[in-house]
Amino acid sequence: MKLSGELSAFAGRLGYAFRAPETLIRAVTHSSMVSVHRDDNQRLEFLGDRVLGLVMAEALLKADPQASEGQLAPRYNAMVRRETCADVARQIDLGAVLKLGRSEMKSGGRRKEALLADAMEAVIAAVYQDGGFDAARDLILRLWGDRITNVADDARDAKTALQEWAQARGEVPPQYVEVARTGPDHQPVFTIEVRLASGASEQATAGSKRQAEQAAATALLKKVTA
């Protein structure tokens, strides 16, 4: 089996030559594309998540031999969470080669954060199955790059940090409210407001609810800790 020109170009962006091209094809095939989920990327996603976790834990230990577990845990979470995986997927334009069903295509699936993150994990697993652990580790370290050494000591996501800030002061958890939704159905834009019991609030707008919530939490955290 040969890769299409589009997938060959993508493999070039990965910097990896597949011996079994069908493994990459499976990695970029979303479940919406097949009626029986035997040839989609869900099982590869499951495996890739574990491979990424092991490589990242090892890399963070090596990057800072003196770091405590308490410092390493939030850094690890920042490196393997959905937003980071999706960001790496955008970096290599993974969305352009995804094989999607018609419904996912119409709803803007190539830009969906969760779908991109899952596909990135599936691609990692494809490299692992095709070339072994060393090949997968080389891929991850190359694609994640400076993120690993530059990750902050307090790398918690903003929503978690804001909730912990509120709880430390005896407040109820922050509330997130969708105040507006604009744009076409296939490319919606959300405006989210986050509110504290004290009355403090901030709004943010992004292409997904999750991104808007994180941005709003970041803004409110900066306000209350200034």
# chains A, B, ... in the order shown; residues from 1 in each chain; ligands from 1
$ residues_around --residues "Ala89 of chain A" --least-positions-apart "4" --cutoff "12 Å" --atoms "only C-alpha atoms" --output "compact mmCIF listing (two decimals) with N, CA and C atoms, in the first residue's frame"
# COMPACT_ATOMS: atom_id res chain seq x y z
N PHE A 10 2.65 14.80 4.60
CA PHE A 10 2.47 14.85 6.05
C PHE A 10 3.55 14.04 6.76
N ARG A 13 6.48 16.03 7.07
CA ARG A 13 6.40 17.01 8.17
C ARG A 13 6.68 16.34 9.50
N LEU A 14 6.27 15.08 9.61
CA LEU A 14 6.56 14.33 10.83
C LEU A 14 8.05 14.02 10.95
N VAL A 28 -5.05 8.47 10.95
CA VAL A 28 -5.72 9.72 10.56
C VAL A 28 -7.18 9.49 10.16
N ARG A 82 -4.98 17.97 26.54
CA ARG A 82 -5.60 18.09 25.22
C ARG A 82 -5.12 19.33 24.46
N GLU A 83 -5.07 20.46 25.14
CA GLU A 83 -4.70 21.69 24.46
C GLU A 83 -3.30 21.61 23.85
N THR A 84 -2.36 21.01 24.57
CA THR A 84 -1.00 20.91 24.06
C THR A 84 -0.93 19.95 22.87
N CYS A 85 -1.60 18.81 22.99
CA CYS A 85 -1.61 17.86 21.88
C CYS A 85 -2.22 18.48 20.63
N ASP A 93 0.03 20.62 10.88
CA ASP A 93 -1.15 20.65 9.99
C ASP A 93 -1.77 19.26 9.86
N LEU A 94 -1.95 18.60 10.98
CA LEU A 94 -2.56 17.28 11.00
C LEU A 94 -4.01 17.32 10.53
N GLY A 95 -4.71 18.40 10.86
CA GLY A 95 -6.11 18.51 10.47
C GLY A 95 -6.33 18.37 8.97
N ALA A 96 -5.36 18.81 8.18
CA ALA A 96 -5.51 18.80 6.72
C ALA A 96 -5.58 17.39 6.15
N VAL A 97 -5.05 16.39 6.87
CA VAL A 97 -5.01 15.03 6.31
C VAL A 97 -5.98 14.08 7.02
N LEU A 98 -6.77 14.58 7.93
CA LEU A 98 -7.71 13.71 8.63
C LEU A 98 -8.79 13.21 7.68
N ARG A 110 -11.97 19.38 11.25
CA ARG A 110 -10.53 19.54 11.09
C ARG A 110 -9.94 20.57 12.05
N ARG A 111 -10.81 21.39 12.65
CA ARG A 111 -10.34 22.42 13.59
C ARG A 111 -10.69 22.11 15.04
N LYS A 112 -11.42 21.02 15.29
CA LYS A 112 -11.86 20.72 16.65
C LYS A 112 -10.69 20.29 17.52
N GLU A 113 -10.59 20.92 18.68
CA GLU A 113 -9.45 20.66 19.55
C GLU A 113 -9.39 19.20 20.00
N ALA A 114 -10.52 18.65 20.43
CA ALA A 114 -10.53 17.28 20.93
C ALA A 114 -10.16 16.30 19.82
N LEU A 115 -10.69 16.53 18.64
CA LEU A 115 -10.41 15.63 17.52
C LEU A 115 -8.94 15.70 17.12
N LEU A 116 -8.37 16.90 17.09
CA LEU A 116 -6.95 17.05 16.76
C LEU A 116 -6.06 16.39 17.81
N ALA A 117 -6.42 16.58 19.09
CA ALA A 117 -5.62 15.99 20.16
C ALA A 117 -5.64 14.46 20.07
N ASP A 118 -6.82 13.90 19.85
CA ASP A 118 -6.94 12.44 19.75
C ASP A 118 -6.13 11.92 18.56
N ALA A 119 -6.21 12.63 17.43
CA ALA A 119 -5.48 12.19 16.24
C ALA A 119 -3.97 12.29 16.46
N MET A 120 -3.52 13.29 17.21
CA MET A 120 -2.09 13.42 17.49
C MET A 120 -1.62 12.20 18.28
N GLU A 121 -2.39 11.79 19.26
CA GLU A 121 -2.03 10.60 20.04
C GLU A 121 -2.02 9.36 19.14
N ALA A 122 -2.97 9.28 18.21
CA ALA A 122 -3.02 8.13 17.30
C ALA A 122 -1.78 8.10 16.39
N VAL A 123 -1.33 9.26 15.94
CA VAL A 123 -0.13 9.31 15.10
C VAL A 123 1.10 8.86 15.89
N ILE A 124 1.18 9.26 17.15
CA ILE A 124 2.28 8.81 18.01
C ILE A 124 2.28 7.28 18.09
N ILE A 140 8.22 12.56 19.48
CA ILE A 140 7.62 13.39 20.53
C ILE A 140 8.57 14.49 20.97
N LEU A 143 8.77 17.15 18.20
CA LEU A 143 7.57 17.97 18.01
C LEU A 143 7.25 18.84 19.22
N TRP A 144 7.46 18.32 20.41
CA TRP A 144 7.16 19.11 21.62
C TRP A 144 8.26 20.15 21.86
$ residues_around --residues "Asn41 of chain A" --least-positions-apart "4" --cutoff "7 Å" --atoms "only C-alpha atoms" --output "compact mmCIF listing (two decimals) with C-alpha atoms, in the first residue's frame"
# COMPACT_ATOMS: atom_id res chain seq x y z
CA ARG A 26 -5.51 4.22 10.26
CA ALA A 27 -4.13 6.91 12.57
CA VAL A 28 -5.72 9.72 10.56
CA THR A 29 -9.08 7.97 10.06
CA HIS A 30 -11.78 9.25 12.41
CA SER A 31 -14.59 6.99 13.61
CA GLU A 45 -5.35 6.94 20.36
CA ALA A 122 -3.02 8.13 17.30
$ closest_atom_pairs --of "segment 84-140 of chain A" --to "segment 55-59 of chain A" --cutoff "12 Å" --atoms "only C-alpha atoms" --output "Markdown table"
| residue | atom | partner | partner_atom | distance |
| --- | --- | --- | --- | --- |
| A:Ile124 | CA | A:Val55 | CA | 10.8 |
| A:Tyr128 | CA | A:Val55 | CA | 11.4 |
| A:Phe133 | CA | A:Val55 | CA | 9.0 |
| A:Asp134 | CA | A:Val55 | CA | 9.6 |
| A:Ala135 | CA | A:Val55 | CA | 11.1 |
| A:Ala136 | CA | A:Val55 | CA | 8.4 |
| A:Arg137 | CA | A:Val55 | CA | 5.9 |
| A:Asp138 | CA | A:Val55 | CA | 9.3 |
| A:Leu139 | CA | A:Val55 | CA | 10.1 |
| A:Ile140 | CA | A:Val55 | CA | 7.5 |
$ write_last_selection --atoms "N, CA and C atoms" --output "short mmCIF file (atom, residue, chain, number, x, y, z; two decimals), in the first residue's frame"
data_model
loop_
_atom_site.label_atom_id
_atom_site.label_comp_id
_atom_site.auth_asym_id
_atom_site.auth_seq_id
_atom_site.Cartn_x
_atom_site.Cartn_y
_atom_site.Cartn_z
N ILE A 124 1.18 9.26 17.15
CA ILE A 124 2.28 8.81 18.01
C ILE A 124 2.28 7.28 18.09
N TYR A 128 5.01 4.45 16.91
CA TYR A 128 5.46 3.45 17.89
C TYR A 128 5.30 2.04 17.33
N PHE A 133 9.73 2.03 20.18
CA PHE A 133 9.69 3.10 21.19
C PHE A 133 10.67 4.23 20.90
N ASP A 134 11.86 3.90 20.45
CA ASP A 134 12.85 4.95 20.19
C ASP A 134 12.36 5.91 19.11
N ALA A 135 11.72 5.38 18.08
CA ALA A 135 11.20 6.23 17.01
C ALA A 135 10.10 7.14 17.54
N ALA A 136 9.22 6.59 18.38
CA ALA A 136 8.14 7.39 18.95
C ALA A 136 8.70 8.46 19.89
N ARG A 137 9.69 8.10 20.67
CA ARG A 137 10.29 9.08 21.59
C ARG A 137 10.96 10.20 20.80
N ASP A 138 11.69 9.86 19.74
CA ASP A 138 12.34 10.89 18.92
C ASP A 138 11.30 11.85 18.33
N LEU A 139 10.19 11.28 17.87
CA LEU A 139 9.12 12.11 17.29
C LEU A 139 8.56 13.07 18.32
N ILE A 140 8.22 12.56 19.48
CA ILE A 140 7.62 13.39 20.53
C ILE A 140 8.57 14.49 20.97
#
$ closest_atom_pairs --of "segment 6-54 of chain A" --to "segment 69-81 of chain A" --cutoff "12 Å" --atoms "only C-alpha atoms" --output "Markdown table"
| residue | atom | partner | partner_atom | distance |
| --- | --- | --- | --- | --- |
| A:Gly48 | CA | A:Val80 | CA | 10.8 |
| A:Asp49 | CA | A:Val80 | CA | 8.1 |
| A:Arg50 | CA | A:Val80 | CA | 9.9 |
| A:Val51 | CA | A:Val80 | CA | 10.5 |
| A:Leu52 | CA | A:Val80 | CA | 7.1 |
| A:Gly53 | CA | A:Val80 | CA | 6.7 |
| A:Leu54 | CA | A:Tyr76 | CA | 10.1 |
$ select_by_dssp --residues "segment 28-69 of chain A" --states "helix (DSSP H, G or I)" --output "list in words"
Ser31, Ser32, Met33, Gln42, Arg43, Leu44, Glu45, Phe46, Leu47, Gly48, Asp49, Arg50, Val51, Leu52, Gly53, Leu54, Val55, Met56, Ala57, Glu58, Ala59, Leu60, Leu61, Lys62, Ala63 and Glu69 of chain A
$ atom_distance --atom1 "atom CA of Gly108 of chain A" --atom2 "atom CA of Thr218 of chain A"
26.2 Å
$ closest_residue --among "A:Thr205, A:Ser68, A:Gln42, A:Ser198" --to "Arg169 of chain A" --atoms "only C-alpha atoms"
A:Ser198
$ residues_around --residues "Ala197 of chain A" --least-positions-apart "6" --cutoff "10 Å" --atoms "only C-alpha atoms" --output "compact mmCIF listing (two decimals) with C-alpha atoms, in the first residue's frame"
# COMPACT_ATOMS: atom_id res chain seq x y z
CA ALA A 166 -11.34 30.20 45.31
CA GLU A 171 -15.49 30.32 48.18
CA VAL A 172 -17.63 28.04 46.03
CA PRO A 173 -16.10 26.99 42.68
CA PRO A 174 -16.23 29.53 39.83
CA GLN A 175 -19.26 29.43 37.56
$ residues_around --residues "Leu221 of chain A" --least-positions-apart "4" --cutoff "8 Å" --atoms "only C-alpha atoms" --output "ChimeraX atom specification"
/A:158,161-162,217,225
$ atom_distance --atom1 "atom CA of Ile92 of chain A" --atom2 "atom CA of Phe18 of chain A"
16.5 Å
$ decode --residues "segment 42-192 of chain A" --atoms "C-alpha atoms" --output "short mmCIF file (atom, residue, chain, number, x, y, z; two decimals), in the first residue's frame"
data_model
loop_
_atom_site.label_atom_id
_atom_site.label_comp_id
_atom_site.auth_asym_id
_atom_site.auth_seq_id
_atom_site.Cartn_x
_atom_site.Cartn_y
_atom_site.Cartn_z
CA GLN A 42 -9.56 5.05 18.47
CA ARG A 43 -7.42 2.11 19.53
CA LEU A 44 -4.28 3.88 18.37
CA GLU A 45 -5.35 6.94 20.36
CA PHE A 46 -5.55 4.78 23.49
CA LEU A 47 -2.03 3.47 22.92
CA GLY A 48 -0.56 6.82 21.91
CA ASP A 49 -1.76 8.45 25.11
CA ARG A 50 0.29 5.93 27.12
CA VAL A 51 3.37 6.26 24.93
CA LEU A 52 3.23 10.05 25.20
CA GLY A 53 2.88 9.83 28.97
CA LEU A 54 5.94 7.63 29.41
CA VAL A 55 8.11 9.70 27.08
CA MET A 56 7.05 12.94 28.73
CA ALA A 57 7.62 11.69 32.26
CA GLU A 58 11.11 10.54 31.29
CA ALA A 59 11.87 13.82 29.47
CA LEU A 60 10.77 16.00 32.38
CA LEU A 61 12.85 14.03 34.85
CA LYS A 62 15.88 14.44 32.60
CA ALA A 63 15.21 18.15 32.01
CA ASP A 64 15.26 18.94 35.74
CA PRO A 65 16.97 16.27 37.90
CA GLN A 66 16.36 18.32 41.05
CA ALA A 67 12.60 18.82 40.61
CA SER A 68 10.28 17.36 43.22
CA GLU A 69 7.22 15.28 42.38
CA GLY A 70 5.10 18.28 43.31
CA GLN A 71 6.85 20.35 40.65
CA LEU A 72 6.89 17.62 38.01
CA ALA A 73 3.20 16.70 38.20
CA PRO A 74 1.78 20.01 36.92
CA ARG A 75 4.48 20.20 34.25
CA TYR A 76 3.57 16.70 33.10
CA ASN A 77 -0.13 17.55 32.99
CA ALA A 78 0.62 20.64 30.91
CA MET A 79 2.59 18.62 28.37
CA VAL A 80 0.07 15.81 27.84
CA ARG A 81 -3.23 17.66 28.13
CA ARG A 82 -5.60 18.09 25.22
CA GLU A 83 -4.70 21.69 24.46
CA THR A 84 -1.00 20.91 24.06
CA CYS A 85 -1.61 17.86 21.88
CA ALA A 86 -3.95 19.89 19.66
CA ASP A 87 -1.39 22.70 19.44
CA VAL A 88 1.26 20.24 18.24
CA ALA A 89 -1.26 18.82 15.75
CA ARG A 90 -1.81 22.30 14.32
CA GLN A 91 1.95 22.81 14.14
CA ILE A 92 2.22 19.92 11.66
CA ASP A 93 -1.15 20.65 9.99
CA LEU A 94 -2.56 17.28 11.00
CA GLY A 95 -6.11 18.51 10.47
CA ALA A 96 -5.51 18.80 6.72
CA VAL A 97 -5.01 15.03 6.31
CA LEU A 98 -7.71 13.71 8.63
CA LYS A 99 -10.21 11.33 7.05
CA LEU A 100 -13.61 12.46 8.33
CA GLY A 101 -17.20 11.52 7.71
CA ARG A 102 -19.54 14.05 6.11
CA SER A 103 -21.09 15.16 9.39
CA GLU A 104 -17.72 15.89 10.96
CA MET A 105 -16.57 17.70 7.84
CA LYS A 106 -19.63 19.97 7.93
CA SER A 107 -19.18 20.73 11.64
CA GLY A 108 -15.57 21.86 11.18
CA GLY A 109 -13.96 18.68 12.48
CA ARG A 110 -10.53 19.54 11.09
CA ARG A 111 -10.34 22.42 13.59
CA LYS A 112 -11.86 20.72 16.65
CA GLU A 113 -9.45 20.66 19.55
CA ALA A 114 -10.53 17.28 20.93
CA LEU A 115 -10.41 15.63 17.52
CA LEU A 116 -6.95 17.05 16.76
CA ALA A 117 -5.62 15.99 20.16
CA ASP A 118 -6.94 12.44 19.75
CA ALA A 119 -5.48 12.19 16.24
CA MET A 120 -2.09 13.42 17.49
CA GLU A 121 -2.03 10.60 20.04
CA ALA A 122 -3.02 8.13 17.30
CA VAL A 123 -0.13 9.31 15.10
CA ILE A 124 2.28 8.81 18.01
CA ALA A 125 0.99 5.25 18.38
CA ALA A 126 1.35 4.66 14.63
CA VAL A 127 5.02 5.62 14.79
CA TYR A 128 5.46 3.45 17.89
CA GLN A 129 3.93 0.41 16.19
CA ASP A 130 5.82 0.98 12.95
CA GLY A 131 9.25 1.87 14.32
CA GLY A 132 9.33 1.05 18.02
CA PHE A 133 9.69 3.10 21.19
CA ASP A 134 12.85 4.95 20.19
CA ALA A 135 11.20 6.23 17.01
CA ALA A 136 8.14 7.39 18.95
CA ARG A 137 10.29 9.08 21.59
CA ASP A 138 12.34 10.89 18.92
CA LEU A 139 9.12 12.11 17.29
CA ILE A 140 7.62 13.39 20.53
CA LEU A 141 10.78 15.14 21.68
CA ARG A 142 11.18 16.79 18.29
CA LEU A 143 7.57 17.97 18.01
CA TRP A 144 7.16 19.11 21.62
CA GLY A 145 10.58 20.77 21.45
CA ASP A 146 11.15 23.73 23.76
CA ARG A 147 7.79 23.24 25.44
CA ILE A 148 9.45 20.61 27.63
CA THR A 149 12.24 22.81 28.97
CA ASN A 150 10.17 26.00 29.10
CA VAL A 151 7.14 24.64 30.95
CA ALA A 152 6.48 26.72 34.05
CA ASP A 153 6.88 25.41 37.59
CA ASP A 154 3.18 26.10 38.14
CA ALA A 155 1.82 24.68 34.92
CA ARG A 156 -1.73 24.05 36.06
CA ASP A 157 -4.39 25.05 33.56
CA ALA A 158 -6.13 28.33 34.39
CA LYS A 159 -9.47 26.77 35.36
CA THR A 160 -7.81 24.50 37.91
CA ALA A 161 -5.71 27.35 39.30
CA LEU A 162 -8.74 29.62 39.66
CA GLN A 163 -10.78 26.93 41.38
CA GLU A 164 -7.97 26.21 43.82
CA TRP A 165 -7.62 29.94 44.51
CA ALA A 166 -11.34 30.20 45.31
CA GLN A 167 -11.39 27.09 47.49
CA ALA A 168 -8.40 28.30 49.49
CA ARG A 169 -10.51 31.31 50.45
CA GLY A 170 -13.60 29.33 51.33
CA GLU A 171 -15.49 30.32 48.18
CA VAL A 172 -17.63 28.04 46.03
CA PRO A 173 -16.10 26.99 42.68
CA PRO A 174 -16.23 29.53 39.83
CA GLN A 175 -19.26 29.43 37.56
CA TYR A 176 -18.91 29.46 33.76
CA VAL A 177 -21.76 30.82 31.64
CA GLU A 178 -22.07 30.98 27.86
CA VAL A 179 -23.18 34.54 27.17
CA ALA A 180 -22.96 34.52 23.37
CA ARG A 181 -22.46 32.25 20.39
CA THR A 182 -21.83 33.64 16.94
CA GLY A 183 -20.60 32.44 13.56
CA PRO A 184 -21.79 29.59 11.34
CA ASP A 185 -22.58 26.15 12.75
CA HIS A 186 -19.41 24.67 11.29
CA GLN A 187 -17.21 27.37 12.85
CA PRO A 188 -18.89 28.76 15.99
CA VAL A 189 -17.34 31.39 18.24
CA PHE A 190 -18.17 31.30 21.95
CA THR A 191 -18.12 34.06 24.55
CA ILE A 192 -17.87 32.70 28.09
#
